[in-house]
>>> print(open('protein-v3.pdb').read())   # PDB, C-alpha atoms and all ligand atoms
ATOM      1  CA  MET A 375      97.054  32.944 -94.984  1.00  0.00           C
ATOM      2  CA  LYS A 376      96.930  36.712 -95.628  1.00  0.00           C
ATOM      3  CA  PRO A 377     100.082  38.606 -94.621  1.00  0.00           C
ATOM      4  CA  LEU A 378      99.584  40.647 -91.455  1.00  0.00           C
ATOM      5  CA  TYR A 379     101.082  44.087 -90.835  1.00  0.00           C
ATOM      6  CA  LEU A 380     101.224  45.759 -87.423  1.00  0.00           C
ATOM      7  CA  ALA A 381     100.947  49.531 -87.812  1.00  0.00           C
ATOM      8  CA  SER A 382     102.867  50.432 -84.666  1.00  0.00           C
ATOM      9  CA  GLY A 383     106.205  51.674 -83.405  1.00  0.00           C
ATOM     10  CA  SER A 384     105.477  50.282 -79.923  1.00  0.00           C
ATOM     11  CA  PRO A 385     107.884  47.517 -78.839  1.00  0.00           C
ATOM     12  CA  ARG A 386     105.209  46.286 -76.374  1.00  0.00           C
ATOM     13  CA  ARG A 387     102.687  45.702 -79.158  1.00  0.00           C
ATOM     14  CA  ARG A 388     105.275  43.774 -81.181  1.00  0.00           C
ATOM     15  CA  GLU A 389     106.090  41.562 -78.190  1.00  0.00           C
ATOM     16  CA  LEU A 390     102.420  40.929 -77.440  1.00  0.00           C
ATOM     17  CA  LEU A 391     101.570  39.986 -81.023  1.00  0.00           C
ATOM     18  CA  THR A 392     104.606  37.689 -81.116  1.00  0.00           C
ATOM     19  CA  GLN A 393     103.273  36.037 -77.920  1.00  0.00           C
ATOM     20  CA  ILE A 394     100.237  34.642 -79.785  1.00  0.00           C
ATOM     21  CA  GLY A 395     102.361  33.179 -82.561  1.00  0.00           C
ATOM     22  CA  VAL A 396     101.065  35.170 -85.536  1.00  0.00           C
ATOM     23  CA  PRO A 397     103.706  36.098 -88.109  1.00  0.00           C
ATOM     24  CA  PHE A 398     103.637  39.802 -88.960  1.00  0.00           C
ATOM     25  CA  THR A 399     105.656  42.709 -90.304  1.00  0.00           C
ATOM     26  CA  ALA A 400     105.756  46.019 -88.431  1.00  0.00           C
ATOM     27  CA  VAL A 401     105.105  49.190 -90.426  1.00  0.00           C
ATOM     28  CA  SER A 402     105.161  52.755 -89.190  1.00  0.00           C
ATOM     29  CA  ALA A 403     101.893  54.613 -88.679  1.00  0.00           C
ATOM     30  CA  ASP A 404     102.486  58.093 -87.388  1.00  0.00           C
ATOM     31  CA  ILE A 405      99.278  60.065 -87.084  1.00  0.00           C
ATOM     32  CA  ASP A 406      98.147  63.194 -85.271  1.00  0.00           C
ATOM     33  CA  GLU A 407      96.976  62.047 -81.802  1.00  0.00           C
ATOM     34  CA  THR A 408      95.248  65.279 -80.737  1.00  0.00           C
ATOM     35  CA  PRO A 409      91.780  64.598 -79.254  1.00  0.00           C
ATOM     36  CA  LEU A 410      88.846  66.324 -80.977  1.00  0.00           C
ATOM     37  CA  ASP A 411      86.649  68.773 -79.049  1.00  0.00           C
ATOM     38  CA  HIS A 412      84.104  66.907 -76.868  1.00  0.00           C
ATOM     39  CA  GLU A 413      85.377  63.514 -78.058  1.00  0.00           C
ATOM     40  CA  SER A 414      84.804  60.719 -75.527  1.00  0.00           C
ATOM     41  CA  PRO A 415      87.883  58.668 -74.510  1.00  0.00           C
ATOM     42  CA  SER A 416      86.334  55.584 -76.090  1.00  0.00           C
ATOM     43  CA  ALA A 417      85.637  57.356 -79.424  1.00  0.00           C
ATOM     44  CA  TYR A 418      89.153  58.824 -79.261  1.00  0.00           C
ATOM     45  CA  VAL A 419      91.037  55.506 -78.914  1.00  0.00           C
ATOM     46  CA  GLU A 420      88.849  53.855 -81.559  1.00  0.00           C
ATOM     47  CA  ARG A 421      89.419  56.708 -84.039  1.00  0.00           C
ATOM     48  CA  LEU A 422      93.177  56.540 -83.445  1.00  0.00           C
ATOM     49  CA  ALA A 423      93.365  52.742 -83.786  1.00  0.00           C
ATOM     50  CA  ARG A 424      91.488  53.004 -87.100  1.00  0.00           C
ATOM     51  CA  GLY A 425      93.639  55.940 -88.185  1.00  0.00           C
ATOM     52  CA  LYS A 426      96.843  54.000 -87.472  1.00  0.00           C
ATOM     53  CA  ALA A 427      95.551  50.970 -89.412  1.00  0.00           C
ATOM     54  CA  GLU A 428      94.644  53.230 -92.354  1.00  0.00           C
ATOM     55  CA  ALA A 429      98.039  54.971 -92.251  1.00  0.00           C
ATOM     56  CA  GLY A 430      99.694  51.533 -92.228  1.00  0.00           C
ATOM     57  CA  TRP A 431      97.557  50.469 -95.174  1.00  0.00           C
ATOM     58  CA  ARG A 432      98.647  53.539 -97.187  1.00  0.00           C
ATOM     59  CA  ALA A 433     102.298  52.748 -96.366  1.00  0.00           C
ATOM     60  CA  LEU A 434     101.942  49.229 -97.841  1.00  0.00           C
ATOM     61  CA  GLU A 435     101.309  50.478-101.389  1.00  0.00           C
ATOM     62  CA  THR A 436     101.753  47.165-103.184  1.00  0.00           C
ATOM     63  CA  ASP A 437     100.441  44.408-100.870  1.00  0.00           C
ATOM     64  CA  VAL A 438      96.701  44.761-101.442  1.00  0.00           C
ATOM     65  CA  ASP A 439      96.096  41.224-100.074  1.00  0.00           C
ATOM     66  CA  GLY A 440      97.432  42.142 -96.648  1.00  0.00           C
ATOM     67  CA  CYS A 441      95.679  42.972 -93.379  1.00  0.00           C
ATOM     68  CA  VAL A 442      96.748  45.864 -91.132  1.00  0.00           C
ATOM     69  CA  LEU A 443      96.328  46.015 -87.351  1.00  0.00           C
ATOM     70  CA  GLY A 444      96.353  49.343 -85.489  1.00  0.00           C
ATOM     71  CA  ALA A 445      95.927  49.986 -81.740  1.00  0.00           C
ATOM     72  CA  ASP A 446      95.733  52.849 -79.293  1.00  0.00           C
ATOM     73  CA  THR A 447      95.845  52.987 -75.491  1.00  0.00           C
ATOM     74  CA  ALA A 448      94.693  55.807 -73.211  1.00  0.00           C
ATOM     75  CA  VAL A 449      94.672  56.131 -69.431  1.00  0.00           C
ATOM     76  CA  VAL A 450      91.493  57.863 -68.271  1.00  0.00           C
ATOM     77  CA  LEU A 451      90.993  59.526 -64.881  1.00  0.00           C
ATOM     78  CA  ASP A 452      87.732  61.334 -64.070  1.00  0.00           C
ATOM     79  CA  GLY A 453      86.850  61.354 -67.781  1.00  0.00           C
ATOM     80  CA  GLN A 454      90.171  63.032 -68.716  1.00  0.00           C
ATOM     81  CA  ILE A 455      92.659  61.373 -71.056  1.00  0.00           C
ATOM     82  CA  LEU A 456      96.194  61.205 -69.647  1.00  0.00           C
ATOM     83  CA  GLY A 457      98.649  60.952 -72.523  1.00  0.00           C
ATOM     84  CA  LYS A 458     102.391  60.346 -72.438  1.00  0.00           C
ATOM     85  CA  PRO A 459     104.177  62.640 -69.937  1.00  0.00           C
ATOM     86  CA  LEU A 460     105.888  65.670 -71.461  1.00  0.00           C
ATOM     87  CA  ASP A 461     108.552  66.020 -68.744  1.00  0.00           C
ATOM     88  CA  GLN A 462     109.320  65.136 -65.116  1.00  0.00           C
ATOM     89  CA  THR A 463     106.818  67.651 -63.698  1.00  0.00           C
ATOM     90  CA  ASP A 464     104.046  66.301 -65.931  1.00  0.00           C
ATOM     91  CA  SER A 465     104.966  62.684 -65.165  1.00  0.00           C
ATOM     92  CA  MET A 466     105.004  63.212 -61.395  1.00  0.00           C
ATOM     93  CA  ALA A 467     101.711  65.126 -61.489  1.00  0.00           C
ATOM     94  CA  MET A 468     100.131  62.267 -63.469  1.00  0.00           C
ATOM     95  CA  LEU A 469     101.387  59.559 -61.138  1.00  0.00           C
ATOM     96  CA  LEU A 470     100.337  61.462 -58.015  1.00  0.00           C
ATOM     97  CA  SER A 471      96.870  62.023 -59.505  1.00  0.00           C
ATOM     98  CA  LEU A 472      96.585  58.232 -59.976  1.00  0.00           C
ATOM     99  CA  SER A 473      97.900  57.553 -56.432  1.00  0.00           C
ATOM    100  CA  GLY A 474      95.535  55.655 -54.114  1.00  0.00           C
ATOM    101  CA  ARG A 475      92.760  55.613 -56.719  1.00  0.00           C
ATOM    102  CA  GLU A 476      91.208  53.590 -59.506  1.00  0.00           C
ATOM    103  CA  HIS A 477      91.466  54.648 -63.172  1.00  0.00           C
ATOM    104  CA  GLU A 478      90.461  53.209 -66.524  1.00  0.00           C
ATOM    105  CA  VAL A 479      92.687  52.038 -69.331  1.00  0.00           C
ATOM    106  CA  LEU A 480      91.042  51.975 -72.758  1.00  0.00           C
ATOM    107  CA  THR A 481      92.708  50.147 -75.616  1.00  0.00           C
ATOM    108  CA  ALA A 482      91.208  50.044 -79.092  1.00  0.00           C
ATOM    109  CA  ILE A 483      92.249  47.733 -81.894  1.00  0.00           C
ATOM    110  CA  ALA A 484      91.328  48.032 -85.560  1.00  0.00           C
ATOM    111  CA  LEU A 485      91.905  45.500 -88.312  1.00  0.00           C
ATOM    112  CA  LEU A 486      91.666  46.510 -91.941  1.00  0.00           C
ATOM    113  CA  ASP A 487      91.945  44.863 -95.333  1.00  0.00           C
ATOM    114  CA  GLY A 488      91.022  46.113 -98.813  1.00  0.00           C
ATOM    115  CA  GLN A 489      87.302  45.536 -98.126  1.00  0.00           C
ATOM    116  CA  ARG A 490      86.541  46.464 -94.528  1.00  0.00           C
ATOM    117  CA  CYS A 491      87.704  47.692 -91.128  1.00  0.00           C
ATOM    118  CA  GLU A 492      86.587  46.123 -87.805  1.00  0.00           C
ATOM    119  CA  SER A 493      87.395  47.588 -84.415  1.00  0.00           C
ATOM    120  CA  ARG A 494      86.931  46.897 -80.680  1.00  0.00           C
ATOM    121  CA  VAL A 495      87.441  48.941 -77.531  1.00  0.00           C
ATOM    122  CA  VAL A 496      88.573  47.097 -74.394  1.00  0.00           C
ATOM    123  CA  ARG A 497      88.048  48.757 -71.014  1.00  0.00           C
ATOM    124  CA  SER A 498      90.032  47.799 -67.889  1.00  0.00           C
ATOM    125  CA  ARG A 499      90.090  49.218 -64.358  1.00  0.00           C
ATOM    126  CA  VAL A 500      93.415  49.584 -62.546  1.00  0.00           C
ATOM    127  CA  ARG A 501      93.760  50.440 -58.833  1.00  0.00           C
ATOM    128  CA  PHE A 502      96.946  52.106 -57.596  1.00  0.00           C
ATOM    129  CA  ARG A 503      98.216  52.055 -54.025  1.00  0.00           C
ATOM    130  CA  PRO A 504      99.177  55.432 -52.522  1.00  0.00           C
ATOM    131  CA  ILE A 505     102.416  56.780 -54.073  1.00  0.00           C
ATOM    132  CA  THR A 506     104.782  59.273 -52.437  1.00  0.00           C
ATOM    133  CA  GLU A 507     106.402  62.215 -54.193  1.00  0.00           C
ATOM    134  CA  GLN A 508     109.830  60.602 -53.688  1.00  0.00           C
ATOM    135  CA  GLU A 509     108.628  57.427 -55.386  1.00  0.00           C
ATOM    136  CA  ALA A 510     107.184  59.422 -58.294  1.00  0.00           C
ATOM    137  CA  ALA A 511     110.539  61.220 -58.732  1.00  0.00           C
ATOM    138  CA  ALA A 512     112.507  57.955 -58.529  1.00  0.00           C
ATOM    139  CA  TYR A 513     110.138  56.345 -61.040  1.00  0.00           C
ATOM    140  CA  TRP A 514     110.701  59.194 -63.512  1.00  0.00           C
ATOM    141  CA  ALA A 515     114.477  58.751 -63.057  1.00  0.00           C
ATOM    142  CA  SER A 516     114.105  55.058 -64.031  1.00  0.00           C
ATOM    143  CA  GLY A 517     113.196  56.228 -67.575  1.00  0.00           C
ATOM    144  CA  GLU A 518     110.137  53.971 -67.725  1.00  0.00           C
ATOM    145  CA  PRO A 519     107.287  56.538 -67.760  1.00  0.00           C
ATOM    146  CA  ARG A 520     108.510  58.528 -70.781  1.00  0.00           C
ATOM    147  CA  ASP A 521     106.852  56.739 -73.712  1.00  0.00           C
ATOM    148  CA  LYS A 522     103.811  55.340 -71.900  1.00  0.00           C
ATOM    149  CA  ALA A 523     100.211  56.491 -71.711  1.00  0.00           C
ATOM    150  CA  GLY A 524      99.446  57.653 -68.167  1.00  0.00           C
ATOM    151  CA  GLY A 525     103.170  57.641 -67.442  1.00  0.00           C
ATOM    152  CA  TYR A 526     103.500  54.072 -66.189  1.00  0.00           C
ATOM    153  CA  GLY A 527     104.140  50.549 -67.426  1.00  0.00           C
ATOM    154  CA  ILE A 528     102.261  47.738 -65.677  1.00  0.00           C
ATOM    155  CA  GLN A 529     104.694  45.264 -67.259  1.00  0.00           C
ATOM    156  CA  GLY A 530     107.728  46.954 -65.693  1.00  0.00           C
ATOM    157  CA  LEU A 531     108.669  48.666 -62.451  1.00  0.00           C
ATOM    158  CA  GLY A 532     105.242  50.342 -62.556  1.00  0.00           C
ATOM    159  CA  ALA A 533     103.788  47.016 -61.367  1.00  0.00           C
ATOM    160  CA  VAL A 534     104.750  47.951 -57.795  1.00  0.00           C
ATOM    161  CA  PHE A 535     101.994  50.601 -57.820  1.00  0.00           C
ATOM    162  CA  VAL A 536      99.260  48.251 -59.059  1.00  0.00           C
ATOM    163  CA  ALA A 537      97.090  47.034 -56.178  1.00  0.00           C
ATOM    164  CA  GLY A 538      94.398  45.607 -58.452  1.00  0.00           C
ATOM    165  CA  LEU A 539      93.309  45.041 -62.032  1.00  0.00           C
ATOM    166  CA  ASP A 540      89.856  44.272 -63.324  1.00  0.00           C
ATOM    167  CA  GLY A 541      89.995  43.634 -67.063  1.00  0.00           C
ATOM    168  CA  SER A 542      92.641  42.653 -69.580  1.00  0.00           C
ATOM    169  CA  TYR A 543      96.320  42.750 -68.593  1.00  0.00           C
ATOM    170  CA  SER A 544      97.484  42.618 -72.226  1.00  0.00           C
ATOM    171  CA  ALA A 545      95.132  45.517 -73.092  1.00  0.00           C
ATOM    172  CA  VAL A 546      96.743  47.656 -70.372  1.00  0.00           C
ATOM    173  CA  VAL A 547     100.183  46.853 -71.802  1.00  0.00           C
ATOM    174  CA  GLY A 548      98.908  47.931 -75.237  1.00  0.00           C
ATOM    175  CA  LEU A 549      97.266  45.073 -77.182  1.00  0.00           C
ATOM    176  CA  PRO A 550      94.269  43.032 -75.919  1.00  0.00           C
ATOM    177  CA  LEU A 551      95.249  39.541 -77.028  1.00  0.00           C
ATOM    178  CA  CYS A 552      91.863  37.824 -76.571  1.00  0.00           C
ATOM    179  CA  GLU A 553      90.062  40.403 -78.738  1.00  0.00           C
ATOM    180  CA  THR A 554      92.971  40.650 -81.207  1.00  0.00           C
ATOM    181  CA  ALA A 555      92.882  36.891 -81.777  1.00  0.00           C
ATOM    182  CA  GLU A 556      89.114  37.065 -82.302  1.00  0.00           C
ATOM    183  CA  LEU A 557      89.402  39.856 -84.908  1.00  0.00           C
ATOM    184  CA  LEU A 558      92.266  38.091 -86.681  1.00  0.00           C
ATOM    185  CA  GLY A 559      90.014  35.034 -86.948  1.00  0.00           C
ATOM    186  CA  HIS A 560      87.347  37.166 -88.680  1.00  0.00           C
ATOM    187  CA  PHE A 561      89.952  38.087 -91.291  1.00  0.00           C
ATOM    188  CA  GLY A 562      91.095  34.510 -91.881  1.00  0.00           C
ATOM    189  CA  ILE A 563      94.248  34.734 -89.737  1.00  0.00           C
ATOM    190  CA  PRO A 564      93.903  32.059 -87.018  1.00  0.00           C
ATOM    191  CA  CYS A 565      96.418  32.021 -84.151  1.00  0.00           C
ATOM    192  CA  TRP A 566      95.789  28.374 -83.283  1.00  0.00           C
ATOM    193  CA  GLN A 567      97.049  27.061 -86.592  1.00  0.00           C
ATOM    194  CA  THR A 568     100.387  28.799 -86.181  1.00  0.00           C
ATOM    195  CA  LEU A 569     100.678  27.689 -82.555  1.00  0.00           C
ATOM    196  CA  SER A 570      99.977  24.029 -83.315  1.00  0.00           C
ATOM    197  CA  ALA A 571     102.555  24.110 -86.121  1.00  0.00           C
ATOM    198  CA  ARG A 572     105.335  24.994 -83.635  1.00  0.00           C
TER     199      ARG A 572
HETATM  200  C1  LIG A 601      99.222  51.984 -69.346  1.00  0.00           C
HETATM  201  C2  LIG A 601     100.387  51.428 -70.114  1.00  0.00           C
HETATM  202  C3  LIG A 601     100.730  51.911 -71.367  1.00  0.00           C
HETATM  203  N1  LIG A 601     101.802  51.403 -72.040  1.00  0.00           N
HETATM  204  C4  LIG A 601     102.199  51.898 -73.376  1.00  0.00           C
HETATM  205  C5  LIG A 601     101.591  51.103 -74.539  1.00  0.00           C
HETATM  206  C6  LIG A 601     101.737  52.049 -75.689  1.00  0.00           C
HETATM  207  O1  LIG A 601     103.019  51.837 -76.302  1.00  0.00           O
HETATM  208  C7  LIG A 601     101.694  53.417 -75.028  1.00  0.00           C
HETATM  209  C8  LIG A 601     100.407  54.123 -75.363  1.00  0.00           C
HETATM  210  O2  LIG A 601     100.585  54.976 -76.431  1.00  0.00           O
HETATM  211  P1  LIG A 601      99.935  54.737 -77.868  1.00  0.00           P
HETATM  212  O3  LIG A 601      99.771  56.085 -78.491  1.00  0.00           O
HETATM  213  O4  LIG A 601      98.710  53.865 -77.748  1.00  0.00           O
HETATM  214  O5  LIG A 601     101.018  53.890 -78.655  1.00  0.00           O
HETATM  215  P2  LIG A 601     102.496  54.255 -79.119  1.00  0.00           P
HETATM  216  O6  LIG A 601     102.576  55.692 -79.565  1.00  0.00           O
HETATM  217  O7  LIG A 601     103.461  53.849 -78.027  1.00  0.00           O
HETATM  218  O8  LIG A 601     102.724  53.265 -80.310  1.00  0.00           O
HETATM  219  P3  LIG A 601     102.002  53.241 -81.768  1.00  0.00           P
HETATM  220  O9  LIG A 601     101.031  54.393 -81.845  1.00  0.00           O
HETATM  221  O10 LIG A 601     103.114  53.375 -82.754  1.00  0.00           O
HETATM  222  O11 LIG A 601     101.326  51.898 -81.830  1.00  0.00           O
HETATM  223  O12 LIG A 601     101.777  53.211 -73.612  1.00  0.00           O
HETATM  224  C9  LIG A 601     102.570  50.385 -71.491  1.00  0.00           C
HETATM  225  O13 LIG A 601     103.550  49.934 -72.104  1.00  0.00           O
HETATM  226  N2  LIG A 601     102.210  49.870 -70.279  1.00  0.00           N
HETATM  227  C10 LIG A 601     101.161  50.349 -69.539  1.00  0.00           C
HETATM  228  O14 LIG A 601     100.906  49.841 -68.425  1.00  0.00           O
END
>>> encode(input="protein-v3.pdb", output="structure tokens", more="lines below")
Ligand SMILES: Cc1cn([C@H]2C[C@H](O)[C@@H](COP(=O)(O)OP(=O)(O)OP(=O)(O)O)O2)c(=O)[nH]c1=O
Amino acid sequence: MKPLYLASGSPRRRELLTQIGVPFTAVSADIDETPLDHESPSAYVERLARGKAEAGWRALETDVDGCVLGADTAVVLDGQILGKPLDQTDSMAMLLSLSGREHEVLTAIALLDGQRCESRVVRSRVRFRPITEQEAAAYWASGEPRDKAGGYGIQGLGAVFVAGLDGSYSAVVGLPLCETAELLGHFGIPCWQTLSAR
């Protein structure tokens, strides 16, 4: 089986990939995440996922037989991309804008080897219950929003705001496992084999 590299510094993505039993090595893939003018959220996450996979590939140098997986997640409200909060004011404004409403979470994955790159964009809808200013301040103080797109983590304390989800839970956390497993299969890296060998 080809060695797999995960081009990500996200602990969530590492945990999710571990969940489906595929052995991998994490490599860093720092790229510029500034959206282009007039770029749609879907084009944005796909470009970044591909860019992270390519940056990971360049970091490998010697292992030309390997495969590199990159991913990117964006929270989208009224067509606007909400990134990671800059500070408490930004975080609270983000959370209060999501309060009592539905938003989209887009996660793109890209898988690359020496010959080709394949990518997918997974779209989920998340509905938040109304959130008070006091709750938004207390949530910031918990430390959870800091490194997360849209300023919340569905897998953590942020779950108390989530009244509904239509889509992929793992995609909201950062790596859509159904689609990731499918792409890995296209590149000759089956999850099932590893799972049945446990
Ligand atoms: C919406 C949401 C996002 N997130 C996280 C997943 C990602 O780590 C982060 C989105 O930012 P990304 O830029 O997609 O990822 P990252 O910078 O954390 O990691 P890397 O680029 O190195 O792979 O937000 C959650 O953990 N839970 C959630 O519910």
>>> atom_distance(input="protein-v3.pdb", atom1="atom CA of A:Cys441", atom2="atom CA of A:Cys565")
14.3 Å
>>> residues_around(input="protein-v3.pdb", residues="A:Leu557", least_positions_apart="4", cutoff="9 Å", atoms="all atoms listed in the file", output="CSV table (one decimal) with C-alpha atoms, in the frame of the given file")
chain,number,residue,atom,x,y,z
A,483,ILE,CA,92.2,47.7,-81.9
A,484,ALA,CA,91.3,48.0,-85.6
A,485,LEU,CA,91.9,45.5,-88.3
A,492,GLU,CA,86.6,46.1,-87.8
A,493,SER,CA,87.4,47.6,-84.4
A,494,ARG,CA,86.9,46.9,-80.7
A,552,CYS,CA,91.9,37.8,-76.6
A,553,GLU,CA,90.1,40.4,-78.7
A,561,PHE,CA,90.0,38.1,-91.3
A,562,GLY,CA,91.1,34.5,-91.9
A,563,ILE,CA,94.2,34.7,-89.7
>>> resolve_selection(input="protein-v3.pdb", expression="the PyMOL selection byres (((chain A and resi 455) around 12) and not hetatm)", output="PyMOL selection string")
chain A and resi 407-410+412-419+447-454+456-459+468+477-480+523-525
>>> write_last_selection(input="protein-v3.pdb", atoms="C-alpha atoms", output="short mmCIF file (atom, residue, chain, number, x, y, z; two decimals), in the frame of the given file")
data_model
loop_
_atom_site.label_atom_id
_atom_site.label_comp_id
_atom_site.auth_asym_id
_atom_site.auth_seq_id
_atom_site.Cartn_x
_atom_site.Cartn_y
_atom_site.Cartn_z
CA GLU A 407 96.98 62.05 -81.80
CA THR A 408 95.25 65.28 -80.74
CA PRO A 409 91.78 64.60 -79.25
CA LEU A 410 88.85 66.32 -80.98
CA HIS A 412 84.10 66.91 -76.87
CA GLU A 413 85.38 63.51 -78.06
CA SER A 414 84.80 60.72 -75.53
CA PRO A 415 87.88 58.67 -74.51
CA SER A 416 86.33 55.58 -76.09
CA ALA A 417 85.64 57.36 -79.42
CA TYR A 418 89.15 58.82 -79.26
CA VAL A 419 91.04 55.51 -78.91
CA THR A 447 95.84 52.99 -75.49
CA ALA A 448 94.69 55.81 -73.21
CA VAL A 449 94.67 56.13 -69.43
CA VAL A 450 91.49 57.86 -68.27
CA LEU A 451 90.99 59.53 -64.88
CA ASP A 452 87.73 61.33 -64.07
CA GLY A 453 86.85 61.35 -67.78
CA GLN A 454 90.17 63.03 -68.72
CA LEU A 456 96.19 61.20 -69.65
CA GLY A 457 98.65 60.95 -72.52
CA LYS A 458 102.39 60.35 -72.44
CA PRO A 459 104.18 62.64 -69.94
CA MET A 468 100.13 62.27 -63.47
CA HIS A 477 91.47 54.65 -63.17
CA GLU A 478 90.46 53.21 -66.52
CA VAL A 479 92.69 52.04 -69.33
CA LEU A 480 91.04 51.98 -72.76
CA ALA A 523 100.21 56.49 -71.71
CA GLY A 524 99.45 57.65 -68.17
CA GLY A 525 103.17 57.64 -67.44
#
>>> closest_atom_pairs(input="protein-v3.pdb", of="chain A", to="ligand LIG 601 (chain A)", cutoff="9 Å", atoms="only C-alpha atoms and all ligand atoms", output="Markdown table")
| residue | atom | partner | partner_atom | distance |
| --- | --- | --- | --- | --- |
| A:Leu380 | CA | A:LIG601 | O11 | 8.3 |
| A:Ala381 | CA | A:LIG601 | O11 | 6.4 |
| A:Ser382 | CA | A:LIG601 | O10 | 3.5 |
| A:Gly383 | CA | A:LIG601 | O10 | 3.6 |
| A:Ser384 | CA | A:LIG601 | O8 | 4.1 |
| A:Pro385 | CA | A:LIG601 | O1 | 7.0 |
| A:Arg386 | CA | A:LIG601 | O13 | 5.9 |
| A:Arg387 | CA | A:LIG601 | O1 | 6.8 |
| A:Val401 | CA | A:LIG601 | O10 | 9.0 |
| A:Ser402 | CA | A:LIG601 | O10 | 6.8 |
| A:Ala403 | CA | A:LIG601 | O10 | 6.2 |
| A:Asp404 | CA | A:LIG601 | O10 | 6.6 |
| A:Ile405 | CA | A:LIG601 | O9 | 7.9 |
| A:Glu407 | CA | A:LIG601 | O3 | 7.4 |
| A:Val419 | CA | A:LIG601 | O4 | 7.9 |
| A:Leu422 | CA | A:LIG601 | O3 | 8.3 |
| A:Ala423 | CA | A:LIG601 | O9 | 8.1 |
| A:Lys426 | CA | A:LIG601 | O9 | 7.0 |
| A:Gly444 | CA | A:LIG601 | O11 | 6.7 |
| A:Ala445 | CA | A:LIG601 | O11 | 5.7 |
| A:Asp446 | CA | A:LIG601 | O4 | 3.5 |
| A:Thr447 | CA | A:LIG601 | O4 | 3.8 |
| A:Ala448 | CA | A:LIG601 | C8 | 6.3 |
| A:Val449 | CA | A:LIG601 | C1 | 6.2 |
| A:Gly457 | CA | A:LIG601 | O2 | 7.4 |
| A:Lys458 | CA | A:LIG601 | O2 | 6.9 |
| A:Val479 | CA | A:LIG601 | C1 | 6.5 |
| A:Leu480 | CA | A:LIG601 | C1 | 8.9 |
| A:Thr481 | CA | A:LIG601 | O4 | 7.4 |
| A:Ala482 | CA | A:LIG601 | O4 | 8.5 |
| A:Glu518 | CA | A:LIG601 | O13 | 8.9 |
| A:Pro519 | CA | A:LIG601 | C9 | 8.6 |
| A:Asp521 | CA | A:LIG601 | O12 | 6.2 |
| A:Lys522 | CA | A:LIG601 | O12 | 3.4 |
| A:Ala523 | CA | A:LIG601 | O12 | 4.1 |
| A:Gly524 | CA | A:LIG601 | C1 | 5.8 |
| A:Gly525 | CA | A:LIG601 | C1 | 7.2 |
| A:Tyr526 | CA | A:LIG601 | O14 | 5.4 |
| A:Gly527 | CA | A:LIG601 | O14 | 3.5 |
| A:Ile528 | CA | A:LIG601 | O14 | 3.7 |
| A:Gln529 | CA | A:LIG601 | N2 | 6.0 |
| A:Gly530 | CA | A:LIG601 | N2 | 7.7 |
| A:Gly532 | CA | A:LIG601 | O14 | 7.3 |
| A:Ala533 | CA | A:LIG601 | O14 | 8.1 |
| A:Tyr543 | CA | A:LIG601 | O14 | 8.4 |
| A:Ser544 | CA | A:LIG601 | O14 | 8.9 |
| A:Ala545 | CA | A:LIG601 | C2 | 8.5 |
| A:Val546 | CA | A:LIG601 | O14 | 5.1 |
| A:Val547 | CA | A:LIG601 | N2 | 3.9 |
| A:Gly548 | CA | A:LIG601 | C5 | 4.2 |
| A:Leu549 | CA | A:LIG601 | C5 | 7.9 |
>>> write_last_selection(input="protein-v3.pdb", atoms="C-alpha atoms", output="tab-separated table (two decimals), in the frame of the given file")
chain	number	residue	atom	x	y	z
A	380	LEU	CA	101.22	45.76	-87.42
A	381	ALA	CA	100.95	49.53	-87.81
A	382	SER	CA	102.87	50.43	-84.67
A	383	GLY	CA	106.20	51.67	-83.40
A	384	SER	CA	105.48	50.28	-79.92
A	385	PRO	CA	107.88	47.52	-78.84
A	386	ARG	CA	105.21	46.29	-76.37
A	387	ARG	CA	102.69	45.70	-79.16
A	401	VAL	CA	105.10	49.19	-90.43
A	402	SER	CA	105.16	52.76	-89.19
A	403	ALA	CA	101.89	54.61	-88.68
A	404	ASP	CA	102.49	58.09	-87.39
A	405	ILE	CA	99.28	60.06	-87.08
A	407	GLU	CA	96.98	62.05	-81.80
A	419	VAL	CA	91.04	55.51	-78.91
A	422	LEU	CA	93.18	56.54	-83.44
A	423	ALA	CA	93.36	52.74	-83.79
A	426	LYS	CA	96.84	54.00	-87.47
A	444	GLY	CA	96.35	49.34	-85.49
A	445	ALA	CA	95.93	49.99	-81.74
A	446	ASP	CA	95.73	52.85	-79.29
A	447	THR	CA	95.84	52.99	-75.49
A	448	ALA	CA	94.69	55.81	-73.21
A	449	VAL	CA	94.67	56.13	-69.43
A	457	GLY	CA	98.65	60.95	-72.52
A	458	LYS	CA	102.39	60.35	-72.44
A	479	VAL	CA	92.69	52.04	-69.33
A	480	LEU	CA	91.04	51.98	-72.76
A	481	THR	CA	92.71	50.15	-75.62
A	482	ALA	CA	91.21	50.04	-79.09
A	518	GLU	CA	110.14	53.97	-67.72
A	519	PRO	CA	107.29	56.54	-67.76
A	521	ASP	CA	106.85	56.74	-73.71
A	522	LYS	CA	103.81	55.34	-71.90
A	523	ALA	CA	100.21	56.49	-71.71
A	524	GLY	CA	99.45	57.65	-68.17
A	525	GLY	CA	103.17	57.64	-67.44
A	526	TYR	CA	103.50	54.07	-66.19
A	527	GLY	CA	104.14	50.55	-67.43
A	528	ILE	CA	102.26	47.74	-65.68
A	529	GLN	CA	104.69	45.26	-67.26
A	530	GLY	CA	107.73	46.95	-65.69
A	532	GLY	CA	105.24	50.34	-62.56
A	533	ALA	CA	103.79	47.02	-61.37
A	543	TYR	CA	96.32	42.75	-68.59
A	544	SER	CA	97.48	42.62	-72.23
A	545	ALA	CA	95.13	45.52	-73.09
A	546	VAL	CA	96.74	47.66	-70.37
A	547	VAL	CA	100.18	46.85	-71.80
A	548	GLY	CA	98.91	47.93	-75.24
A	549	LEU	CA	97.27	45.07	-77.18
>>> atom_distance(input="protein-v3.pdb", atom1="atom CA of A:Pro397", atom2="atom CA of A:Ser498")
27.1 Å
